[in-house]
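The data block below is input-v7.txt; it holds compact mmCIF, C-alpha atoms and all ligand atoms.
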# COMPACT_ATOMS: atom_id res chain seq x y z
CA MET A 1127 0.00 0.00 0.00
CA ALA A 1128 1.29 3.47 -0.81
CA SER A 1129 2.55 5.44 2.18
CA GLU A 1130 0.78 8.66 3.09
CA LYS A 1131 3.72 10.65 1.72
CA ARG A 1132 3.68 8.78 -1.58
CA ARG A 1133 -0.11 9.26 -1.82
CA GLU A 1134 0.36 12.98 -1.29
CA GLN A 1135 3.07 13.08 -3.97
CA ILE A 1136 0.85 11.28 -6.45
CA LEU A 1137 -2.06 13.63 -5.76
CA LEU A 1138 0.19 16.67 -6.23
CA ARG A 1139 1.43 15.32 -9.52
CA ALA A 1140 -2.05 14.44 -10.66
CA GLU A 1141 -3.09 17.99 -9.90
CA PHE A 1142 -0.11 19.31 -11.86
CA LEU A 1143 -0.90 17.15 -14.89
CA LYS A 1144 -4.55 18.19 -14.85
CA GLU A 1145 -3.54 21.86 -14.66
CA GLN A 1146 -1.38 21.32 -17.72
CA GLY A 1147 -4.13 19.60 -19.66
CA LEU A 1148 -2.24 16.30 -19.49
CA GLY A 1149 -4.65 14.56 -17.14
CA TYR A 1150 -5.36 11.81 -19.63
CA ILE A 1151 -1.96 10.22 -19.05
CA LEU A 1152 -2.43 9.87 -15.31
CA ASP A 1153 -2.53 6.11 -15.48
CA ARG A 1154 1.10 6.11 -16.63
CA PRO A 1155 3.19 5.34 -13.53
CA ALA A 1156 6.34 7.02 -14.80
CA LEU A 1157 4.58 10.35 -15.07
CA HIS A 1158 3.75 10.28 -11.37
CA ALA A 1159 7.40 11.12 -10.94
CA ILE A 1160 6.95 14.68 -12.20
CA PRO A 1161 7.89 16.88 -9.27
CA LYS A 1162 5.58 19.88 -8.94
CA ASP A 1163 8.49 22.02 -7.86
CA ALA A 1164 11.26 20.36 -9.86
CA GLY A 1165 14.02 22.83 -10.38
CA GLN A 1166 13.46 24.49 -7.04
CA ARG A 1167 14.02 21.55 -4.71
CA LYS A 1168 17.49 20.36 -3.88
CA SER A 1169 16.76 16.69 -4.39
CA GLN A 1170 13.97 14.24 -4.88
CA PRO A 1171 13.91 10.46 -4.54
CA LYS A 1172 14.56 8.92 -7.91
CA PRO A 1173 12.18 6.14 -8.95
CA PRO A 1174 13.87 3.02 -10.25
CA LYS A 1175 14.92 3.28 -13.89
CA ASN A 1176 12.59 0.43 -14.85
CA GLU A 1177 9.57 2.32 -13.54
CA ALA A 1178 10.05 4.85 -16.34
CA ALA A 1179 10.96 2.07 -18.70
CA SER A 1180 7.76 0.19 -17.89
CA ALA A 1181 5.78 3.10 -19.29
CA GLY A 1182 8.18 2.77 -22.23
CA THR A 1183 7.96 4.57 -25.50
CA GLY A 1184 4.19 4.59 -25.13
CA THR A 1185 4.46 7.52 -22.77
CA LEU A 1186 6.72 9.48 -25.07
CA ASP A 1187 4.56 8.57 -28.04
CA GLU A 1188 1.49 9.83 -26.23
CA LEU A 1189 3.27 13.04 -25.34
CA ARG A 1190 4.42 13.43 -28.94
CA GLU A 1191 0.83 13.00 -30.03
CA ALA A 1192 -0.28 15.58 -27.45
CA THR A 1193 2.15 18.15 -28.84
CA ARG A 1194 1.48 17.56 -32.54
CA ASP A 1195 -1.25 20.18 -32.89
CA CYS A 1196 -0.25 22.27 -29.89
CA ARG A 1197 -1.54 25.85 -29.93
CA ARG A 1198 -0.49 26.87 -26.42
CA CYS A 1199 1.58 29.82 -27.58
CA ARG A 1200 2.15 32.09 -30.57
CA LEU A 1201 5.06 30.01 -31.89
CA CYS A 1202 2.54 27.62 -33.45
CA ASP A 1203 1.71 30.29 -36.03
CA GLY A 1204 5.11 30.25 -37.69
CA ARG A 1205 6.16 26.62 -37.38
CA LYS A 1206 6.22 24.03 -40.13
CA GLN A 1207 6.03 21.28 -37.52
CA VAL A 1208 6.52 20.59 -33.84
CA VAL A 1209 10.05 19.38 -33.05
CA PHE A 1210 9.26 17.02 -30.21
CA GLY A 1211 12.62 15.42 -29.41
CA THR A 1212 14.60 12.44 -30.53
CA GLY A 1213 16.59 9.54 -29.17
CA ASN A 1214 16.56 6.68 -26.72
CA PRO A 1215 13.46 6.68 -24.46
CA GLU A 1216 15.63 5.07 -21.77
CA ALA A 1217 18.64 7.32 -22.27
CA LYS A 1218 21.02 7.88 -19.35
CA LEU A 1219 21.97 11.20 -20.88
CA MET A 1220 19.71 13.94 -22.17
CA PHE A 1221 20.68 17.17 -23.93
CA ILE A 1222 18.40 20.19 -23.82
CA GLY A 1223 18.84 23.09 -26.22
CA GLU A 1224 16.91 26.29 -26.78
CA GLY A 1225 14.52 25.79 -29.67
CA PRO A 1226 14.39 24.57 -33.25
CA GLY A 1227 15.99 26.56 -36.05
CA ALA A 1228 15.11 26.47 -39.74
CA ASP A 1229 16.66 23.03 -40.42
CA GLU A 1230 15.01 21.49 -37.39
CA ASP A 1231 11.65 23.06 -38.30
CA ALA A 1232 11.95 21.60 -41.80
CA GLN A 1233 13.00 18.11 -40.67
CA GLY A 1234 11.10 17.84 -37.38
CA VAL A 1235 14.27 16.70 -35.56
CA PRO A 1236 16.30 18.74 -33.04
CA PHE A 1237 19.90 19.69 -33.71
CA VAL A 1238 20.29 18.74 -37.35
CA GLY A 1239 21.81 22.00 -38.65
CA ARG A 1240 25.39 23.25 -38.18
CA ALA A 1241 25.08 23.47 -34.42
CA GLY A 1242 23.53 20.02 -34.51
CA GLN A 1243 26.52 18.61 -36.36
CA LEU A 1244 28.77 20.00 -33.67
CA LEU A 1245 26.58 18.47 -30.95
CA THR A 1246 26.73 15.15 -32.80
CA ASP A 1247 30.53 15.41 -32.86
CA ILE A 1248 30.59 16.07 -29.11
CA ILE A 1249 28.47 12.95 -28.52
CA THR A 1250 30.25 10.65 -30.95
CA LYS A 1251 33.85 11.85 -31.26
CA GLY A 1252 34.06 13.37 -27.78
CA MET A 1253 32.09 10.95 -25.63
CA GLY A 1254 32.35 7.86 -27.79
CA MET A 1255 28.58 7.36 -27.77
CA ASN A 1256 26.14 7.03 -30.65
CA ARG A 1257 23.66 9.85 -31.09
CA PRO A 1258 20.63 7.48 -30.87
CA GLU A 1259 21.83 6.38 -27.39
CA VAL A 1260 21.07 9.80 -25.91
CA TYR A 1261 17.89 11.88 -25.93
CA ILE A 1262 17.83 15.38 -27.39
CA ALA A 1263 15.12 17.99 -26.85
CA ASN A 1264 14.65 21.74 -26.58
CA ILE A 1265 13.04 24.22 -24.21
CA VAL A 1266 10.47 25.09 -26.89
CA LYS A 1267 9.26 22.69 -29.54
CA CYS A 1268 8.39 25.24 -32.21
CA ARG A 1269 10.77 27.53 -34.10
CA PRO A 1270 10.82 31.09 -32.81
CA PRO A 1271 10.66 33.68 -35.62
CA GLU A 1272 14.10 34.72 -36.92
CA ASN A 1273 15.56 32.22 -34.43
CA ARG A 1274 15.04 34.67 -31.59
CA VAL A 1275 15.31 33.52 -27.99
CA PRO A 1276 12.01 32.05 -26.73
CA LEU A 1277 10.00 34.48 -24.59
CA PRO A 1278 9.19 33.54 -20.98
CA ASP A 1279 5.51 32.84 -21.71
CA GLU A 1280 6.45 30.62 -24.67
CA ALA A 1281 8.90 28.65 -22.52
CA ALA A 1282 6.32 28.40 -19.72
CA ALA A 1283 3.71 27.08 -22.15
CA CYS A 1284 6.07 24.39 -23.45
CA LEU A 1285 7.82 23.39 -20.23
CA PRO A 1286 5.15 20.92 -19.04
CA TYR A 1287 5.85 18.82 -22.14
CA LEU A 1288 9.58 18.85 -21.47
CA ARG A 1289 9.08 18.01 -17.80
CA ALA A 1290 6.88 15.09 -18.78
CA GLN A 1291 9.54 13.93 -21.26
CA ILE A 1292 12.19 14.10 -18.56
CA SER A 1293 9.94 12.24 -16.17
CA ALA A 1294 9.29 9.48 -18.70
CA ILE A 1295 12.98 9.10 -19.59
CA ARG A 1296 14.45 9.66 -16.11
CA PRO A 1297 17.99 10.24 -17.42
CA GLU A 1298 20.86 10.14 -14.95
CA VAL A 1299 22.30 13.35 -16.34
CA ILE A 1300 20.90 16.30 -18.26
CA VAL A 1301 23.25 18.60 -20.16
CA THR A 1302 21.73 22.01 -20.77
CA LEU A 1303 23.11 23.82 -23.79
CA GLY A 1304 23.44 27.58 -23.43
CA LYS A 1305 21.91 30.23 -21.20
CA THR A 1306 18.30 29.82 -22.29
CA ALA A 1307 18.10 26.11 -21.42
CA VAL A 1308 19.46 26.51 -17.88
CA LEU A 1309 17.43 29.66 -17.32
CA TYR A 1310 14.08 28.16 -18.27
CA LEU A 1311 14.66 24.66 -16.92
CA LEU A 1312 16.06 25.69 -13.55
CA GLY A 1313 15.41 29.41 -13.25
CA THR A 1314 19.17 30.04 -13.10
CA GLU A 1315 19.72 33.64 -14.13
CA ALA A 1316 23.50 33.75 -13.64
CA PRO A 1317 25.56 34.20 -16.81
CA ILE A 1318 26.37 30.93 -18.54
CA THR A 1319 30.08 31.69 -18.09
CA LYS A 1320 29.50 31.48 -14.32
CA VAL A 1321 27.22 28.41 -14.17
CA ARG A 1322 28.80 26.17 -16.81
CA GLY A 1323 30.77 23.27 -15.51
CA LYS A 1324 29.01 23.21 -12.12
CA TRP A 1325 26.59 20.44 -11.19
CA LEU A 1326 22.99 21.55 -10.61
CA ASP A 1327 19.89 19.54 -9.79
CA PHE A 1328 16.51 19.05 -11.42
CA GLY A 1329 14.26 16.95 -9.23
CA GLY A 1330 17.04 14.55 -8.30
CA ILE A 1331 18.60 14.47 -11.78
CA SER A 1332 22.14 15.88 -12.11
CA VAL A 1333 22.32 18.79 -14.52
CA MET A 1334 25.51 20.00 -16.20
CA PRO A 1335 25.15 23.38 -17.89
CA THR A 1336 27.53 24.09 -20.73
CA PHE A 1337 27.85 26.39 -23.72
CA HIS A 1338 25.49 26.06 -26.69
CA PRO A 1339 27.05 24.55 -29.83
CA SER A 1340 26.05 27.70 -31.79
CA TYR A 1341 28.24 29.70 -29.41
CA LEU A 1342 31.08 27.28 -30.09
CA LEU A 1343 30.70 27.88 -33.83
CA ARG A 1344 31.32 31.58 -33.16
CA ASN A 1345 33.89 31.05 -30.39
CA PRO A 1346 35.86 27.86 -31.11
CA ALA A 1347 38.20 28.60 -28.18
CA ALA A 1348 35.32 27.76 -25.81
CA LYS A 1349 35.37 24.16 -27.05
CA ARG A 1350 38.00 23.49 -24.40
CA ASP A 1351 35.52 24.49 -21.66
CA VAL A 1352 32.82 22.28 -23.14
CA TRP A 1353 35.26 19.39 -23.28
CA GLU A 1354 35.96 19.89 -19.55
CA ASP A 1355 32.21 19.86 -18.81
CA VAL A 1356 31.67 16.80 -20.98
CA GLN A 1357 34.43 14.94 -19.16
CA LYS A 1358 32.62 15.56 -15.85
CA VAL A 1359 29.49 14.07 -17.39
CA MET A 1360 31.43 11.07 -18.67
CA ALA A 1361 32.91 10.49 -15.22
CA LYS A 1362 29.46 10.67 -13.60
CA LEU A 1363 28.07 8.17 -16.12
CA GLY A 1364 31.08 5.87 -15.80
CA ILE A 1365 32.11 6.37 -19.41
CA PRO A 1366 35.85 5.72 -19.70
CA LYS A 1367 38.08 8.67 -20.62
CA ARG A 1368 39.19 8.67 -24.25
N1 LIG B 1401 19.63 25.09 -31.52
C1 LIG B 1401 18.87 24.61 -30.53
O1 LIG B 1401 18.89 25.11 -29.42
N2 LIG B 1401 18.10 23.58 -30.78
C2 LIG B 1401 18.05 22.99 -31.96
O2 LIG B 1401 17.31 22.01 -32.10
C3 LIG B 1401 18.88 23.50 -32.98
C4 LIG B 1401 19.64 24.55 -32.74

Translate this structure into structure tokens?
Amino acid sequence: MASEKRREQILLRAEFLKEQGLGYILDRPALHAIPKDAGQRKSQPKPPKNEAASAGTGTLDELREATRDCRRCRLCDGRKQVVFGTGNPEAKLMFIGEGPGADEDAQGVPFVGRAGQLLTDIITKGMGMNRPEVYIANIVKCRPPENRVPLPDEAAACLPYLRAQISAIRPEVIVTLGKTAVLYLLGTEAPITKVRGKWLDFGGISVMPTFHPSYLLRNPAAKRDVWEDVQKVMAKLGIPKR
């Protein structure tokens, strides 16, 4: 029987999902793990990996379906398609960027343009992983006009989807790419130069903020910093140094 505390947690999460219009997925056990105040709390008990896995791709597929015709914010007006996210539904490692650009909007897949190629190189050449092993998503799922930074109300409208994705996947580590991702996911307003490379927490999941690959395209010297951050992630995940 569920303890009183667990019951309370489940009710809080149910309330959260209903508020977000996602009440129909309440029978999915993995989604009960969505912390109402994730991002504010220092830590939260992590459900076993297989709890998320038992909801499997079905949960992510249902979420994808829920976002397909989303009209929660103005970004829906200019998009070609929703860029939901891609990768392993049981990934240990998740990358979160800012929002789709023109290439991503055209293909419906995050990080497929020039910045995406660099991210792919970081994953494959740097970490020795395959891109399909990780999960990649963005703060907003629709392309902002002229690739501008998403506005706070746009990020707030989209965040419940991302939180539900995170809750379904339950990665061990999240890498946030650039200022916007760490700002909107965790409310961290400090400059990215100050927060990068330092472990943060999102509902019990370790978060490593680093520079955005687009920034690296403009400032290749910062690749050294990203490599340092990536090595910390590799150590945490038990990936041998290359
Ligand atoms: N930049 C992002 O932040 N996300 C993408 O998907 C592509 C570029």

Contacts of range 1253-1261 of chain A at 8 Å (all atoms listed in the file; same-chain gap of 4+ positions) as JSON, numbers by chain = {"A": [1211, 1212, 1213, 1214, 1215, 1217, 1218, 1219, 1220, 1221, 1246, 1248, 1249, 1356, 1357, 1360, 1365, 1368]}

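Comparing the minimum interatomic distances between Thr1306 in chain A and each of A:Ala1283, A:Leu1277, A:Val1209, A:Ile1331, counting all atoms listed in the file, we find that A:Leu1277 sits nearest.
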
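Proximity of A:Cys1196, A:Leu1189, A:Val1321, A:Leu1303 to ligand LIG 1401 (chain B), computed with only C-alpha atoms and all ligand atoms, is greatest for A:Leu1303.
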
Would you list the residues that come within 9 Å of ligand LIG 1401 (chain B)? Count all atoms listed in the file and give the answer as a PyMOL selection string.
-> chain A and resi 1209+1211+1222-1231+1235-1242+1262-1267+1269+1273+1303-1304+1306-1307+1338-1340

Of the candidates A:Cys1199, A:Pro1366, A:Thr1319, A:Arg1344, which shows the shortest atom-to-atom distance to Pro1276 in chain A, using only C-alpha atoms?
->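 Of A:Cys1199, A:Pro1366, A:Thr1319, A:Arg1344, the one nearest Pro1276 in chain A, counting only C-alpha atoms, is A:Cys1199.
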
In Å, with one decimal, what is the gap from CA of Leu1342 in chain A to CA of Lys1367 in chain A?
-> 22.0 Å

Measure the distance from CA of Gly1252 in chain A to CA of Val1275 in chain A in Å and round it to one decimal.
-> 27.5 Å

Shell of 7 Å around Lys1305 in chain A, all atoms listed in the file, local chain residues under 3 positions omitted, as a PyMOL selection string = chain A and resi 1308-1309+1317-1318

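The spacing separating CA of Leu1326 in chain A from CA of Leu1288 in chain A amounts to 17.5 Å.
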
Go through A:Val1299, A:Cys1284, A:Leu1186, A:Ala1361 one by one, measure the shortest atom-to-atom distance of each to Arg1198 in chain A using all atoms listed in the file, and give the residue with the smallest value.
-> A:Cys1284

Which of these, A:Leu1244, A:Lys1324, A:Thr1193, A:Pro1271, has the shortest distance to Pro1286 in chain A once you count all atoms listed in the file?
-> A:Thr1193

Quick one: range 1182-1210 of chain A with N, CA and C atoms, as a JSON list (two decimals), in the coordinates of the input?
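Wrote it out as rebuild_11.json, contents follow:
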[["chain", "number", "residue", "atom", "x", "y", "z"],
["A", 1182, "GLY", "N", 7.58, 2.99, -20.91],
["A", 1182, "GLY", "CA", 8.18, 2.77, -22.23],
["A", 1182, "GLY", "C", 7.93, 3.90, -23.20],
["A", 1183, "THR", "N", 8.10, 3.56, -24.45],
["A", 1183, "THR", "CA", 7.96, 4.57, -25.50],
["A", 1183, "THR", "C", 6.51, 5.02, -25.60],
["A", 1184, "GLY", "N", 5.60, 4.20, -25.09],
["A", 1184, "GLY", "CA", 4.19, 4.59, -25.13],
["A", 1184, "GLY", "C", 3.99, 5.96, -24.55],
["A", 1185, "THR", "N", 4.62, 6.23, -23.42],
["A", 1185, "THR", "CA", 4.46, 7.52, -22.77],
["A", 1185, "THR", "C", 4.98, 8.64, -23.66],
["A", 1186, "LEU", "N", 6.17, 8.44, -24.20],
["A", 1186, "LEU", "CA", 6.72, 9.48, -25.07],
["A", 1186, "LEU", "C", 5.88, 9.62, -26.34],
["A", 1187, "ASP", "N", 5.41, 8.51, -26.84],
["A", 1187, "ASP", "CA", 4.56, 8.57, -28.04],
["A", 1187, "ASP", "C", 3.28, 9.34, -27.76],
["A", 1188, "GLU", "N", 2.72, 9.10, -26.58],
["A", 1188, "GLU", "CA", 1.49, 9.83, -26.23],
["A", 1188, "GLU", "C", 1.76, 11.32, -26.08],
["A", 1189, "LEU", "N", 2.91, 11.62, -25.49],
["A", 1189, "LEU", "CA", 3.27, 13.04, -25.34],
["A", 1189, "LEU", "C", 3.49, 13.67, -26.72],
["A", 1190, "ARG", "N", 4.17, 12.93, -27.58],
["A", 1190, "ARG", "CA", 4.42, 13.43, -28.94],
["A", 1190, "ARG", "C", 3.08, 13.74, -29.62],
["A", 1191, "GLU", "N", 2.15, 12.83, -29.44],
["A", 1191, "GLU", "CA", 0.83, 13.00, -30.03],
["A", 1191, "GLU", "C", 0.16, 14.26, -29.45],
["A", 1192, "ALA", "N", 0.35, 14.44, -28.12],
["A", 1192, "ALA", "CA", -0.28, 15.58, -27.45],
["A", 1192, "ALA", "C", 0.29, 16.91, -27.94],
["A", 1193, "THR", "N", 1.53, 16.89, -28.41],
["A", 1193, "THR", "CA", 2.15, 18.15, -28.84],
["A", 1193, "THR", "C", 1.90, 18.45, -30.31],
["A", 1194, "ARG", "N", 1.51, 17.44, -31.07],
["A", 1194, "ARG", "CA", 1.48, 17.56, -32.54],
["A", 1194, "ARG", "C", 0.72, 18.79, -33.03],
["A", 1195, "ASP", "N", -0.44, 19.04, -32.44],
["A", 1195, "ASP", "CA", -1.25, 20.18, -32.89],
["A", 1195, "ASP", "C", -1.29, 21.27, -31.84],
["A", 1196, "CYS", "N", -0.25, 21.33, -31.01],
["A", 1196, "CYS", "CA", -0.25, 22.27, -29.89],
["A", 1196, "CYS", "C", -0.45, 23.71, -30.35],
["A", 1197, "ARG", "N", -1.32, 24.43, -29.62],
["A", 1197, "ARG", "CA", -1.54, 25.85, -29.93],
["A", 1197, "ARG", "C", -1.46, 26.66, -28.62],
["A", 1198, "ARG", "N", -0.58, 26.21, -27.73],
["A", 1198, "ARG", "CA", -0.49, 26.87, -26.42],
["A", 1198, "ARG", "C", 0.19, 28.22, -26.46],
["A", 1199, "CYS", "N", 0.95, 28.50, -27.51],
["A", 1199, "CYS", "CA", 1.58, 29.82, -27.58],
["A", 1199, "CYS", "C", 1.69, 30.26, -29.03],
["A", 1200, "ARG", "N", 2.13, 31.49, -29.23],
["A", 1200, "ARG", "CA", 2.15, 32.09, -30.57],
["A", 1200, "ARG", "C", 3.12, 31.41, -31.53],
["A", 1201, "LEU", "N", 4.07, 30.63, -31.00],
["A", 1201, "LEU", "CA", 5.06, 30.01, -31.89],
["A", 1201, "LEU", "C", 4.41, 29.03, -32.87],
["A", 1202, "CYS", "N", 3.21, 28.57, -32.54],
["A", 1202, "CYS", "CA", 2.54, 27.62, -33.45],
["A", 1202, "CYS", "C", 2.23, 28.27, -34.78],
["A", 1203, "ASP", "N", 2.09, 29.60, -34.79],
["A", 1203, "ASP", "CA", 1.71, 30.29, -36.03],
["A", 1203, "ASP", "C", 2.77, 30.20, -37.11],
["A", 1204, "GLY", "N", 4.05, 30.19, -36.69],
["A", 1204, "GLY", "CA", 5.11, 30.25, -37.69],
["A", 1204, "GLY", "C", 5.80, 28.91, -37.95],
["A", 1205, "ARG", "N", 5.41, 27.89, -37.23],
["A", 1205, "ARG", "CA", 6.16, 26.62, -37.38],
["A", 1205, "ARG", "C", 5.69, 25.84, -38.61],
["A", 1206, "LYS", "N", 6.63, 25.02, -39.13],
["A", 1206, "LYS", "CA", 6.22, 24.03, -40.13],
["A", 1206, "LYS", "C", 5.72, 22.79, -39.40],
["A", 1207, "GLN", "N", 6.44, 22.44, -38.32],
["A", 1207, "GLN", "CA", 6.03, 21.28, -37.52],
["A", 1207, "GLN", "C", 6.61, 21.41, -36.11],
["A", 1208, "VAL", "N", 6.02, 20.66, -35.21],
["A", 1208, "VAL", "CA", 6.52, 20.59, -33.84],
["A", 1208, "VAL", "C", 7.76, 19.71, -33.85],
["A", 1209, "VAL", "N", 8.81, 20.18, -33.16],
["A", 1209, "VAL", "CA", 10.05, 19.38, -33.05],
["A", 1209, "VAL", "C", 10.06, 18.79, -31.64],
["A", 1210, "PHE", "N", 9.54, 17.59, -31.52],
["A", 1210, "PHE", "CA", 9.26, 17.02, -30.21],
["A", 1210, "PHE", "C", 10.52, 16.66, -29.43]]
